[in-house]
>>> print(open('model-v6.cif').read())   # mmCIF, C-alpha atoms
data_input
loop_
_atom_site.group_PDB
_atom_site.id
_atom_site.type_symbol
_atom_site.label_atom_id
_atom_site.label_comp_id
_atom_site.auth_asym_id
_atom_site.auth_seq_id
_atom_site.Cartn_x
_atom_site.Cartn_y
_atom_site.Cartn_z
ATOM 1 C CA MET A 97 -28.560 1.068 6.666
ATOM 2 C CA THR A 98 -29.206 -1.086 3.587
ATOM 3 C CA THR A 99 -31.685 -3.972 3.510
ATOM 4 C CA THR A 100 -28.859 -6.503 3.265
ATOM 5 C CA GLU A 101 -27.037 -4.978 6.209
ATOM 6 C CA SER A 102 -30.097 -4.868 8.457
ATOM 7 C CA LYS A 103 -31.021 -8.440 7.483
ATOM 8 C CA LEU A 104 -27.544 -9.696 8.353
ATOM 9 C CA GLU A 105 -27.376 -7.809 11.615
ATOM 10 C CA THR A 106 -30.812 -8.874 12.850
ATOM 11 C CA THR A 107 -30.428 -12.512 11.844
ATOM 12 C CA GLY A 108 -26.913 -12.632 13.257
ATOM 13 C CA VAL A 109 -25.431 -14.178 10.076
ATOM 14 C CA SER A 110 -22.312 -12.034 10.381
ATOM 15 C CA THR A 111 -20.626 -12.816 13.666
ATOM 16 C CA SER A 112 -17.092 -11.678 12.902
ATOM 17 C CA ALA A 113 -17.106 -8.017 11.936
ATOM 18 C CA THR A 114 -13.376 -7.841 11.299
ATOM 19 C CA THR A 115 -10.704 -8.300 8.666
ATOM 20 C CA GLY A 116 -8.379 -9.651 11.342
ATOM 21 C CA SER A 117 -7.301 -13.242 11.816
ATOM 22 C CA ARG A 118 -4.935 -14.967 14.219
ATOM 23 C CA GLY A 119 -2.107 -14.570 11.698
ATOM 24 C CA SER A 120 -2.740 -10.881 11.112
ATOM 25 C CA ARG A 121 -2.922 -10.214 14.854
ATOM 26 C CA ILE A 122 0.443 -11.906 15.448
ATOM 27 C CA LEU A 123 1.874 -9.970 12.511
ATOM 28 C CA GLY A 124 0.434 -6.731 13.902
ATOM 29 C CA ILE A 125 2.117 -7.259 17.260
ATOM 30 C CA ALA A 126 5.417 -8.134 15.539
ATOM 31 C CA THR A 127 5.118 -4.941 13.461
ATOM 32 C CA ILE A 128 4.617 -2.751 16.542
ATOM 33 C CA ILE A 129 7.634 -4.363 18.260
ATOM 34 C CA ALA A 130 9.778 -3.906 15.132
ATOM 35 C CA MET A 131 8.697 -0.260 14.834
ATOM 36 C CA GLY A 132 9.712 0.260 18.464
ATOM 37 C CA TRP A 133 13.134 -1.199 17.649
ATOM 38 C CA LEU A 134 13.378 1.076 14.637
ATOM 39 C CA VAL A 135 12.778 4.150 16.805
ATOM 40 C CA ALA A 136 15.309 2.902 19.396
ATOM 41 C CA PHE A 137 18.027 2.187 16.827
ATOM 42 C CA GLY A 138 17.200 4.975 14.401
ATOM 43 C CA LEU A 139 16.964 7.758 16.964
ATOM 44 C CA GLY A 140 19.078 6.312 19.759
ATOM 45 C CA PHE A 141 21.704 3.600 19.307
ATOM 46 C CA SER A 142 22.851 4.375 15.760
ATOM 47 C CA PRO A 143 25.952 6.610 15.667
ATOM 48 C CA GLU A 144 26.072 9.918 13.821
ATOM 49 C CA ASP A 145 27.644 10.026 10.387
ATOM 50 C CA ARG A 146 31.007 11.662 9.653
ATOM 51 C CA ASP A 147 29.559 13.820 6.846
ATOM 52 C CA GLN A 148 25.822 13.984 7.457
ATOM 53 C CA ARG A 149 26.030 13.955 11.241
ATOM 54 C CA GLU A 150 22.583 13.479 12.881
ATOM 55 C CA ALA A 151 20.723 13.802 9.572
ATOM 56 C CA VAL A 152 21.769 10.233 8.741
ATOM 57 C CA ARG A 153 18.968 9.076 11.055
ATOM 58 C CA LEU A 154 16.500 9.878 8.269
ATOM 59 C CA LEU A 155 18.077 7.057 6.255
ATOM 60 C CA TYR A 156 16.370 4.445 8.451
ATOM 61 C CA VAL A 157 12.885 5.494 7.337
ATOM 62 C CA HIS A 158 13.637 6.999 3.915
ATOM 63 C CA VAL A 159 15.384 3.951 2.417
ATOM 64 C CA PRO A 160 13.069 1.209 3.811
ATOM 65 C CA THR A 161 9.929 3.055 2.651
ATOM 66 C CA ILE A 162 11.152 3.292 -0.955
ATOM 67 C CA TRP A 163 12.446 -0.318 -0.963
ATOM 68 C CA ILE A 164 9.083 -1.562 0.301
ATOM 69 C CA ALA A 165 7.338 0.615 -2.287
ATOM 70 C CA TYR A 166 9.459 -1.117 -4.982
ATOM 71 C CA LEU A 167 8.487 -4.483 -3.498
ATOM 72 C CA ALA A 168 4.805 -3.462 -3.437
ATOM 73 C CA PHE A 169 4.909 -2.478 -7.119
ATOM 74 C CA VAL A 170 6.643 -5.729 -8.057
ATOM 75 C CA VAL A 171 3.861 -7.595 -6.214
ATOM 76 C CA THR A 172 1.354 -5.495 -8.203
ATOM 77 C CA ALA A 173 3.056 -6.572 -11.428
ATOM 78 C CA ILE A 174 3.053 -10.243 -10.343
ATOM 79 C CA GLY A 175 -0.647 -10.054 -9.404
ATOM 80 C CA SER A 176 -1.382 -8.356 -12.733
ATOM 81 C CA ALA A 177 0.534 -11.005 -14.697
ATOM 82 C CA MET A 178 -1.167 -13.808 -12.799
ATOM 83 C CA TYR A 179 -4.564 -12.317 -13.586
ATOM 84 C CA LEU A 180 -3.830 -11.760 -17.254
ATOM 85 C CA PHE A 181 -1.911 -14.919 -18.082
ATOM 86 C CA THR A 182 -3.564 -17.654 -16.024
ATOM 87 C CA LYS A 183 -6.602 -19.558 -17.275
ATOM 88 C CA LYS A 184 -8.636 -19.081 -14.097
ATOM 89 C CA LYS A 185 -8.535 -15.239 -14.170
ATOM 90 C CA SER A 186 -9.043 -15.074 -10.435
ATOM 91 C CA LEU A 187 -10.062 -11.649 -9.147
ATOM 92 C CA GLY A 188 -8.019 -12.446 -6.049
ATOM 93 C CA TRP A 189 -4.877 -11.651 -8.078
ATOM 94 C CA ASP A 190 -6.405 -8.349 -9.164
ATOM 95 C CA ARG A 191 -7.232 -7.411 -5.589
ATOM 96 C CA LEU A 192 -3.710 -8.330 -4.479
ATOM 97 C CA ALA A 193 -2.327 -6.082 -7.246
ATOM 98 C CA GLY A 194 -4.636 -3.202 -6.347
ATOM 99 C CA ALA A 195 -4.048 -3.387 -2.601
ATOM 100 C CA SER A 196 -0.295 -3.593 -3.075
ATOM 101 C CA ALA A 197 -0.262 -0.593 -5.420
ATOM 102 C CA GLU A 198 -2.264 1.430 -2.900
ATOM 103 C CA ILE A 199 0.205 0.683 -0.090
ATOM 104 C CA GLY A 200 3.207 1.231 -2.386
ATOM 105 C CA THR A 201 1.877 4.643 -3.406
ATOM 106 C CA ILE A 202 1.519 5.673 0.244
ATOM 107 C CA PHE A 203 5.103 4.555 0.890
ATOM 108 C CA VAL A 204 6.390 6.550 -2.096
ATOM 109 C CA ALA A 205 4.559 9.617 -0.764
ATOM 110 C CA VAL A 206 6.271 9.150 2.618
ATOM 111 C CA THR A 207 9.635 8.704 0.859
ATOM 112 C CA LEU A 208 9.156 11.932 -1.101
ATOM 113 C CA VAL A 209 8.201 13.977 1.958
ATOM 114 C CA VAL A 210 10.959 12.578 4.194
ATOM 115 C CA GLY A 211 13.375 13.004 1.270
ATOM 116 C CA ALA A 212 12.355 16.655 0.931
ATOM 117 C CA LEU A 213 13.048 17.234 4.640
ATOM 118 C CA TRP A 214 16.403 15.464 4.311
ATOM 119 C CA GLY A 215 17.156 17.556 1.220
ATOM 120 C CA ARG A 216 16.514 20.725 3.182
ATOM 121 C CA LEU A 217 19.032 19.588 5.808
ATOM 122 C CA THR A 218 21.800 18.468 3.440
ATOM 123 C CA TRP A 219 21.309 20.505 0.243
ATOM 124 C CA GLY A 220 19.532 23.515 1.743
ATOM 125 C CA VAL A 221 16.418 23.067 -0.434
ATOM 126 C CA PHE A 222 13.303 20.921 -0.180
ATOM 127 C CA TRP A 223 13.159 20.085 -3.876
ATOM 128 C CA GLN A 224 15.411 19.984 -6.929
ATOM 129 C CA TRP A 225 14.494 18.772 -10.409
ATOM 130 C CA ASP A 226 17.178 16.181 -9.997
ATOM 131 C CA ALA A 227 17.048 12.818 -11.838
ATOM 132 C CA ARG A 228 16.309 10.668 -8.764
ATOM 133 C CA LEU A 229 13.726 13.054 -7.306
ATOM 134 C CA THR A 230 11.999 13.607 -10.625
ATOM 135 C CA THR A 231 11.806 9.911 -11.551
ATOM 136 C CA THR A 232 10.484 9.090 -8.056
ATOM 137 C CA ALA A 233 7.799 11.777 -8.431
ATOM 138 C CA LEU A 234 6.969 10.290 -11.841
ATOM 139 C CA LEU A 235 6.639 6.850 -10.250
ATOM 140 C CA PHE A 236 4.250 8.313 -7.671
ATOM 141 C CA VAL A 237 2.107 9.987 -10.340
ATOM 142 C CA THR A 238 2.050 6.779 -12.428
ATOM 143 C CA TYR A 239 0.631 4.742 -9.567
ATOM 144 C CA ILE A 240 -1.878 7.482 -8.733
ATOM 145 C CA GLY A 241 -2.978 6.996 -12.343
ATOM 146 C CA TYR A 242 -3.117 3.217 -11.840
ATOM 147 C CA LEU A 243 -5.349 3.694 -8.788
ATOM 148 C CA ALA A 244 -7.551 6.154 -10.708
ATOM 149 C CA VAL A 245 -8.003 3.608 -13.509
ATOM 150 C CA ARG A 246 -9.160 1.064 -10.930
ATOM 151 C CA GLN A 247 -11.956 3.479 -9.978
ATOM 152 C CA LEU A 248 -13.351 3.714 -13.530
ATOM 153 C CA GLY A 249 -16.719 2.118 -14.105
ATOM 154 C CA GLY A 250 -17.383 -1.326 -15.521
ATOM 155 C CA THR A 251 -17.356 -4.883 -14.282
ATOM 156 C CA HIS A 252 -14.749 -6.288 -11.927
ATOM 157 C CA GLU A 253 -13.246 -8.176 -14.869
ATOM 158 C CA GLN A 254 -12.921 -4.980 -16.918
ATOM 159 C CA ARG A 255 -11.282 -3.261 -13.950
ATOM 160 C CA ALA A 256 -8.895 -6.178 -13.526
ATOM 161 C CA ARG A 257 -7.916 -6.313 -17.216
ATOM 162 C CA ARG A 258 -7.365 -2.559 -17.595
ATOM 163 C CA SER A 259 -5.374 -2.163 -14.405
ATOM 164 C CA ALA A 260 -3.318 -5.323 -15.003
ATOM 165 C CA VAL A 261 -1.954 -3.889 -18.251
ATOM 166 C CA ILE A 262 -0.968 -0.656 -16.478
ATOM 167 C CA GLY A 263 0.449 -2.581 -13.526
ATOM 168 C CA LEU A 264 2.747 -4.496 -15.862
ATOM 169 C CA LEU A 265 3.926 -1.381 -17.698
ATOM 170 C CA ALA A 266 4.347 0.831 -14.604
ATOM 171 C CA VAL A 267 6.761 -1.559 -12.898
ATOM 172 C CA LEU A 268 9.293 -0.845 -15.673
ATOM 173 C CA GLU A 269 9.856 2.562 -14.065
ATOM 174 C CA ILE A 270 11.518 1.032 -11.000
ATOM 175 C CA PRO A 271 14.888 0.275 -12.661
ATOM 176 C CA LEU A 272 14.797 3.790 -14.109
ATOM 177 C CA VAL A 273 14.318 5.297 -10.635
ATOM 178 C CA HIS A 274 16.945 3.069 -9.051
ATOM 179 C CA TRP A 275 19.615 3.639 -11.710
ATOM 180 C CA SER A 276 18.749 7.320 -12.327
ATOM 181 C CA VAL A 277 21.674 8.390 -10.115
ATOM 182 C CA ARG A 278 24.061 6.563 -12.481
ATOM 183 C CA LEU A 279 22.316 7.329 -15.757
ATOM 184 C CA TRP A 280 22.249 11.090 -15.170
ATOM 185 C CA ARG A 281 24.318 13.475 -13.105
ATOM 186 C CA SER A 282 22.485 13.677 -9.815
ATOM 187 C CA LEU A 283 22.575 15.554 -6.536
ATOM 188 C CA HIS A 284 21.281 12.429 -4.843
ATOM 189 C CA GLN A 285 23.920 10.071 -3.538
ATOM 190 C CA GLU A 286 24.492 6.729 -5.267
ATOM 191 C CA ALA A 287 23.280 3.461 -3.759
ATOM 192 C CA THR A 288 25.161 2.604 -0.563
ATOM 193 C CA VAL A 289 23.796 -0.903 -0.097
ATOM 194 C CA LEU A 290 22.342 -2.047 -3.406
ATOM 195 C CA GLY A 291 25.188 -0.819 -5.606
ATOM 196 C CA THR A 292 26.746 -2.702 -8.498
ATOM 197 C CA ASP A 293 30.055 -3.392 -6.729
ATOM 198 C CA ALA A 294 28.336 -5.449 -3.973
ATOM 199 C CA ASP A 295 30.398 -3.527 -1.429
ATOM 200 C CA VAL A 296 28.512 -2.050 1.550
ATOM 201 C CA ASN A 297 30.213 1.106 2.800
ATOM 202 C CA MET A 298 28.443 1.495 6.118
ATOM 203 C CA ASP A 299 29.189 1.257 9.804
ATOM 204 C CA GLY A 300 27.943 -2.031 11.318
ATOM 205 C CA LEU A 301 25.411 -0.430 13.691
ATOM 206 C CA MET A 302 24.117 1.851 10.947
ATOM 207 C CA LEU A 303 23.656 -1.128 8.668
ATOM 208 C CA PHE A 304 21.854 -3.013 11.438
ATOM 209 C CA SER A 305 19.548 -0.019 12.078
ATOM 210 C CA LEU A 306 18.739 0.042 8.376
ATOM 211 C CA PHE A 307 18.046 -3.699 8.511
ATOM 212 C CA VAL A 308 15.650 -3.134 11.454
ATOM 213 C CA GLY A 309 13.877 -0.481 9.374
ATOM 214 C CA VAL A 310 13.534 -2.828 6.399
ATOM 215 C CA VAL A 311 12.154 -5.626 8.611
ATOM 216 C CA ALA A 312 9.698 -3.242 10.344
ATOM 217 C CA PHE A 313 8.339 -1.812 7.097
ATOM 218 C CA THR A 314 8.154 -5.254 5.456
ATOM 219 C CA LEU A 315 6.020 -6.538 8.347
ATOM 220 C CA LEU A 316 3.872 -3.426 8.146
ATOM 221 C CA TYR A 317 3.445 -3.885 4.388
ATOM 222 C CA VAL A 318 2.303 -7.517 4.765
ATOM 223 C CA TRP A 319 -0.099 -6.569 7.580
ATOM 224 C CA LEU A 320 -1.621 -3.725 5.552
ATOM 225 C CA LEU A 321 -1.825 -5.949 2.473
ATOM 226 C CA MET A 322 -3.736 -8.644 4.368
ATOM 227 C CA HIS A 323 -6.306 -6.177 5.674
ATOM 228 C CA ARG A 324 -6.695 -4.300 2.403
ATOM 229 C CA THR A 325 -7.168 -7.392 0.214
ATOM 230 C CA ARG A 326 -9.798 -8.697 2.643
ATOM 231 C CA GLY A 327 -11.565 -5.333 2.571
ATOM 232 C CA MET A 328 -11.485 -5.333 -1.241
ATOM 233 C CA ALA A 329 -12.898 -8.869 -1.363
ATOM 234 C CA MET A 330 -15.855 -7.692 0.730
ATOM 235 C CA GLU A 331 -16.338 -4.580 -1.425
ATOM 236 C CA ASP A 332 -16.500 -6.787 -4.537
ATOM 237 C CA TYR A 333 -18.913 -9.195 -2.832
ATOM 238 C CA LEU A 334 -21.238 -6.338 -1.821
ATOM 239 C CA ASP A 335 -20.992 -4.843 -5.322
ATOM 240 C CA ASP A 336 -22.110 -8.139 -6.866
ATOM 241 C CA ARG A 337 -24.837 -8.628 -4.300
ATOM 242 C CA GLY A 338 -26.092 -5.060 -4.751
ATOM 243 C CA LEU A 339 -26.305 -5.628 -8.492
ATOM 244 C CA ASP A 340 -28.172 -8.920 -8.032
ATOM 245 C CA GLU A 341 -30.635 -7.263 -5.654
ATOM 246 C CA ALA A 342 -31.175 -4.331 -8.012
ATOM 247 C CA LEU A 343 -31.892 -6.766 -10.866
ATOM 248 C CA GLU A 344 -34.326 -8.732 -8.695
ATOM 249 C CA ALA A 345 -36.100 -5.538 -7.655
ATOM 250 C CA ARG A 346 -36.308 -4.455 -11.293
ATOM 251 C CA ARG A 347 -37.766 -7.813 -12.320
ATOM 252 C CA ALA A 348 -40.260 -7.669 -9.440
ATOM 253 C CA GLU A 349 -41.356 -4.182 -10.558
ATOM 254 C CA GLY A 350 -41.994 -5.441 -14.081
ATOM 255 C CA GLU A 351 -43.946 -8.554 -13.037
ATOM 256 C CA PRO A 352 -47.337 -6.944 -12.103
ATOM 257 C CA ALA A 353 -47.352 -4.962 -15.345
ATOM 258 C CA ALA A 354 -46.581 -8.098 -17.361
ATOM 259 C CA ARG A 355 -49.300 -10.008 -15.536
ATOM 260 C CA ALA A 356 -51.815 -7.220 -16.181
ATOM 261 C CA GLU A 357 -50.871 -7.205 -19.869
ATOM 262 C CA GLY A 358 -51.340 -10.993 -20.003
ATOM 263 C CA ALA A 359 -54.789 -10.717 -18.370
ATOM 264 C CA ASN A 360 -55.865 -8.188 -21.001
ATOM 265 C CA MET B 84 18.862 22.383 17.101
ATOM 266 C CA GLU B 85 17.348 22.729 13.618
ATOM 267 C CA ASP B 86 18.267 19.151 12.622
ATOM 268 C CA ALA B 87 16.334 17.637 15.522
ATOM 269 C CA GLY B 88 13.095 19.247 14.393
ATOM 270 C CA PHE B 89 13.490 17.804 10.883
ATOM 271 C CA ILE B 90 14.537 14.366 12.156
ATOM 272 C CA PHE B 91 11.800 13.987 14.768
ATOM 273 C CA GLY B 92 9.303 15.573 12.385
ATOM 274 C CA SER B 93 10.154 13.000 9.698
ATOM 275 C CA TYR B 94 9.727 10.071 12.078
ATOM 276 C CA LEU B 95 6.502 11.540 13.440
ATOM 277 C CA LEU B 96 5.137 12.135 9.966
ATOM 278 C CA THR B 97 6.036 8.608 8.835
ATOM 279 C CA PHE B 98 4.458 6.897 11.839
ATOM 280 C CA ALA B 99 1.401 9.167 11.805
ATOM 281 C CA THR B 100 0.819 8.385 8.114
ATOM 282 C CA VAL B 101 1.102 4.612 8.489
ATOM 283 C CA ALA B 102 -1.017 4.669 11.662
ATOM 284 C CA LEU B 103 -3.721 6.637 9.848
ATOM 285 C CA VAL B 104 -3.702 4.214 6.901
ATOM 286 C CA ALA B 105 -3.800 1.190 9.236
ATOM 287 C CA TRP B 106 -6.697 2.712 11.194
ATOM 288 C CA ARG B 107 -8.637 3.436 7.987
ATOM 289 C CA TYR B 108 -8.139 -0.115 6.687
ATOM 290 C CA VAL B 109 -9.266 -1.676 9.971
ATOM 291 C CA ARG B 110 -12.244 0.657 10.356
ATOM 292 C CA SER B 111 -13.510 0.210 6.777
ATOM 293 C CA GLY B 112 -12.907 -3.558 7.099
ATOM 294 C CA ARG B 113 -15.072 -3.673 10.227
ATOM 295 C CA ARG B 114 -17.812 -1.672 8.581
ATOM 296 C CA LEU B 115 -17.841 -3.930 5.521
ATOM 297 C CA ALA B 116 -17.568 -7.136 7.573
ATOM 298 C CA ARG B 117 -20.859 -6.329 9.347
ATOM 299 C CA ARG B 118 -22.637 -6.558 5.975
ATOM 300 C CA VAL B 119 -20.978 -9.719 4.712
ATOM 301 C CA PRO B 120 -21.871 -13.243 5.870
ATOM 302 C CA ASP B 121 -19.081 -15.176 7.570
ATOM 303 C CA GLU B 122 -18.974 -17.868 4.893
ATOM 304 C CA GLU B 123 -17.705 -15.226 2.447
ATOM 305 C CA LYS B 124 -14.783 -14.317 4.735
ATOM 306 C CA TYR B 125 -12.046 -16.675 3.619
ATOM 307 C CA TRP B 126 -9.731 -15.553 6.438
ATOM 308 C CA LEU B 127 -11.963 -16.826 9.238
#
>>> encode(input="model-v6.cif", output="structure tokens")
Amino acid sequence: MTTTESKLETTGVSTSATTGSRGSRILGIATIIAMGWLVAFGLGFSPEDRDQREAVRLLYVHVPTIWIAYLAFVVTAIGSAMYLFTKKKSLGWDRLAGASAEIGTIFVAVTLVVGALWGRLTWGVFWQWDARLTTTALLFVTYIGYLAVRQLGGTHEQRARRSAVIGLLAVLEIPLVHWSVRLWRSLHQEATVLGTDADVNMDGLMLFSLFVGVVAFTLLYVWLLMHRTRGMAMEDYLDDRGLDEALEARRAEGEPAARAEGAN
Amino acid sequence: MEDAGFIFGSYLLTFATVALVAWRYVRSGRRLARRVPDEEKYWL
């Protein structure tokens, strides 16, 4: 236990050892309910597809996870832009960008794994170097790189500046991933909902199940984002405080020697 | 049925992953919050 920690715990300064708030608790309950609905609709009420049969049920987790990953990376880009281009240079924007990228990367990983399982069912293989799969894997690796850059040494401001530039560049991959099925010949099916013709070719209950999935994962994303940004704010605070304490200790070490030198 | 294993496995994997991430965020948040004074916690 560090000195700061023991001091806070014994003096009782910290009374709320949580990143939760009333809002996040309500959101958490709503997320659990929505996830329950997703399981009910995705695995139960939704009908089987004419071509894909039962395998279509994977759509209700595969599509929402990648859409929310796109959203997370757009939020990262917005946070990065706000940090770089506003006068205040608030680290809050940087933490929002970092937390969102972390969650987005996890969602892309889930998309890739569920996609591989779906691929095995429909194409007979887990992986193909197909345009959509390859660009999605590239997106995943890019954001792993973004997260690695955030871990490099330096001040919080240096971290924020470096990662903001990458966050703004990396988001440009999203249109490439989304339109890869049109730009190149692909095994992956074209967009059913977000196509260019604005025509949704889906059964009503299937579309509703997909909607439930999108709502559930959006709620989950916001809940995770709230907790992660709060955690990051505390990490930064403790980093700063640790540095201040180390400097104080260093100064205190030097004082007796300086005094002795002065006496001589 | 082979499909059922893949379908249930995918759902299980998805929910297990997000539950693990949520648990890690809450746990690390609690650990950090014990070391930080309340006036620094803007969400309280």
>>> residues_around(input="model-v6.cif", residues="Arg191 of chain A", least_positions_apart="6", cutoff="8 Å", atoms="only C-alpha atoms", output="ChimeraX atom specification")
/A:325,328-329
>>> residues_around(input="model-v6.cif", residues="segment 106-116 of chain B", least_positions_apart="2", cutoff="8 Å", atoms="all atoms listed in the file", output="mmCIF file with C-alpha atoms, in the frame of the given file")
data_model
loop_
_atom_site.group_PDB
_atom_site.id
_atom_site.type_symbol
_atom_site.label_atom_id
_atom_site.label_comp_id
_atom_site.auth_asym_id
_atom_site.auth_seq_id
_atom_site.Cartn_x
_atom_site.Cartn_y
_atom_site.Cartn_z
ATOM 1 C CA SER A 110 -22.312 -12.034 10.381
ATOM 2 C CA SER A 112 -17.092 -11.678 12.902
ATOM 3 C CA ALA A 113 -17.106 -8.017 11.936
ATOM 4 C CA THR A 114 -13.376 -7.841 11.299
ATOM 5 C CA THR A 115 -10.704 -8.300 8.666
ATOM 6 C CA LEU A 320 -1.621 -3.725 5.552
ATOM 7 C CA HIS A 323 -6.306 -6.177 5.674
ATOM 8 C CA ARG A 324 -6.695 -4.300 2.403
ATOM 9 C CA ARG A 326 -9.798 -8.697 2.643
ATOM 10 C CA GLY A 327 -11.565 -5.333 2.571
ATOM 11 C CA MET A 330 -15.855 -7.692 0.730
ATOM 12 C CA GLU A 331 -16.338 -4.580 -1.425
ATOM 13 C CA ALA B 102 -1.017 4.669 11.662
ATOM 14 C CA LEU B 103 -3.721 6.637 9.848
ATOM 15 C CA VAL B 104 -3.702 4.214 6.901
ATOM 16 C CA ARG B 118 -22.637 -6.558 5.975
ATOM 17 C CA VAL B 119 -20.978 -9.719 4.712
ATOM 18 C CA PRO B 120 -21.871 -13.243 5.870
#
>>> residues_near_point(input="model-v6.cif", point="(7.0, 13.7, 7.4)", cutoff="9 Å", atoms="only C-alpha atoms", output="PyMOL selection string")
(chain A and resi 206-213) or (chain B and resi 89-100)
>>> closest_residue(input="model-v6.cif", among="A:Phe313, A:Glu349, A:Ala244, A:Ala233", to="chain B", atoms="all atoms listed in the file")
A:Phe313
>>> atom_distance(input="model-v6.cif", atom1="atom CA of Arg117 of chain B", atom2="atom CA of Thr127 of chain A")
26.3 Å
>>> residues_around(input="model-v6.cif", residues="Thr251 of chain A", least_positions_apart="4", cutoff="12 Å", atoms="all atoms listed in the file", output="list of chain:residue names")
A:Leu187, A:Arg246, A:Gln247, A:Arg255, A:Ala256, A:Arg257, A:Arg258, A:Asp332, A:Asp335, A:Asp336, A:Leu339
>>> atom_distance(input="model-v6.cif", atom1="atom CA of Gly175 of chain A", atom2="atom CA of Trp189 of chain A")
4.7 Å
>>> atom_distance(input="model-v6.cif", atom1="atom CA of His274 of chain A", atom2="atom CA of Thr230 of chain A")
11.7 Å
>>> residues_near_point(input="model-v6.cif", point="(11.8, 3.1, 3.2)", cutoff="10 Å", atoms="all atoms listed in the file", output="list in words")
Leu154, Leu155, Tyr156, Val157, His158, Val159, Pro160, Thr161, Ile162, Trp163, Ile164, Ala165, Tyr166, Phe203, Val204, Val206, Thr207, Val210, Leu306, Gly309, Val310, Ala312, Phe313 and Thr314 of chain A; Thr97 of chain B
>>> axis_aligned_box(input="model-v6.cif", around="segment 114-127 of chain A", padding_each_side="6 Å", output="AutoDock Vina command-line options")
--center_x -4.0 --center_y -10.0 --center_z 13.0 --size_x 30.8 --size_y 22.0 --size_z 20.6
>>> residues_around(input="model-v6.cif", residues="Lys185 of chain A", least_positions_apart="6", cutoff="9 Å", atoms="all atoms listed in the file", output="MDAnalysis selection string")
chainID A and resid 178:179 253
>>> resolve_selection(input="model-v6.cif", expression="the PyMOL selection byres ((chain A and resi 119) around 12)", output="list in words")
Thr115, Gly116, Ser117, Arg118, Ser120, Arg121, Ile122, Leu123, Gly124, Ile125, Ala126, Leu315, Val318, Trp319, Met322 and His323 of chain A; Trp126 and Leu127 of chain B
>>> write_last_selection(input="model-v6.cif", atoms="C-alpha atoms", output="PDB file, keeping the file's coordinate frame")
ATOM      1  CA  THR A 115     -10.704  -8.300   8.666  1.00  0.00           C
ATOM      2  CA  GLY A 116      -8.379  -9.651  11.342  1.00  0.00           C
ATOM      3  CA  SER A 117      -7.301 -13.242  11.816  1.00  0.00           C
ATOM      4  CA  ARG A 118      -4.935 -14.967  14.219  1.00  0.00           C
ATOM      5  CA  SER A 120      -2.740 -10.881  11.112  1.00  0.00           C
ATOM      6  CA  ARG A 121      -2.922 -10.214  14.854  1.00  0.00           C
ATOM      7  CA  ILE A 122       0.443 -11.906  15.448  1.00  0.00           C
ATOM      8  CA  LEU A 123       1.874  -9.970  12.511  1.00  0.00           C
ATOM      9  CA  GLY A 124       0.434  -6.731  13.902  1.00  0.00           C
ATOM     10  CA  ILE A 125       2.117  -7.259  17.260  1.00  0.00           C
ATOM     11  CA  ALA A 126       5.417  -8.134  15.539  1.00  0.00           C
ATOM     12  CA  LEU A 315       6.020  -6.538   8.347  1.00  0.00           C
ATOM     13  CA  VAL A 318       2.303  -7.517   4.765  1.00  0.00           C
ATOM     14  CA  TRP A 319      -0.099  -6.569   7.580  1.00  0.00           C
ATOM     15  CA  MET A 322      -3.736  -8.644   4.368  1.00  0.00           C
ATOM     16  CA  HIS A 323      -6.306  -6.177   5.674  1.00  0.00           C
TER      17      HIS A 323
ATOM     18  CA  TRP B 126      -9.731 -15.553   6.438  1.00  0.00           C
ATOM     19  CA  LEU B 127     -11.963 -16.826   9.238  1.00  0.00           C
TER      20      LEU B 127
END
>>> resolve_selection(input="model-v6.cif", expression="the PyMOL selection byres ((chain A and resi 170) around 12)", output="JSON, numbers by chain")
{"A": [163, 164, 165, 166, 167, 168, 169, 171, 172, 173, 174, 175, 176, 177, 192, 193, 194, 196, 197, 200, 263, 264, 265, 266, 267, 268, 269, 270, 271]}
>>> build_atoms(input="model-v6.cif", residues="segment 99-106 of chain B", atoms="N, CA and C atoms", output="PDB file, keeping the file's coordinate frame")
ATOM      1  N   ALA B  99       2.789   8.672  11.818  1.00  0.00           N
ATOM      2  CA  ALA B  99       1.401   9.167  11.805  1.00  0.00           C
ATOM      3  C   ALA B  99       0.703   8.723  10.520  1.00  0.00           C
ATOM      4  N   THR B 100       1.414   8.787   9.400  1.00  0.00           N
ATOM      5  CA  THR B 100       0.819   8.385   8.114  1.00  0.00           C
ATOM      6  C   THR B 100       0.447   6.909   8.124  1.00  0.00           C
ATOM      7  N   VAL B 101       1.398   6.052   8.523  1.00  0.00           N
ATOM      8  CA  VAL B 101       1.102   4.612   8.489  1.00  0.00           C
ATOM      9  C   VAL B 101       0.028   4.247   9.522  1.00  0.00           C
ATOM     10  N   ALA B 102       0.015   4.956  10.650  1.00  0.00           N
ATOM     11  CA  ALA B 102      -1.017   4.669  11.662  1.00  0.00           C
ATOM     12  C   ALA B 102      -2.397   5.058  11.132  1.00  0.00           C
ATOM     13  N   LEU B 103      -2.455   6.181  10.422  1.00  0.00           N
ATOM     14  CA  LEU B 103      -3.721   6.637   9.848  1.00  0.00           C
ATOM     15  C   LEU B 103      -4.231   5.639   8.799  1.00  0.00           C
ATOM     16  N   VAL B 104      -3.321   5.183   7.940  1.00  0.00           N
ATOM     17  CA  VAL B 104      -3.702   4.214   6.901  1.00  0.00           C
ATOM     18  C   VAL B 104      -4.173   2.913   7.552  1.00  0.00           C
ATOM     19  N   ALA B 105      -3.439   2.440   8.550  1.00  0.00           N
ATOM     20  CA  ALA B 105      -3.800   1.190   9.236  1.00  0.00           C
ATOM     21  C   ALA B 105      -5.180   1.330   9.887  1.00  0.00           C
ATOM     22  N   TRP B 106      -5.418   2.465  10.529  1.00  0.00           N
ATOM     23  CA  TRP B 106      -6.697   2.712  11.194  1.00  0.00           C
ATOM     24  C   TRP B 106      -7.837   2.730  10.175  1.00  0.00           C
TER      25      TRP B 106
END
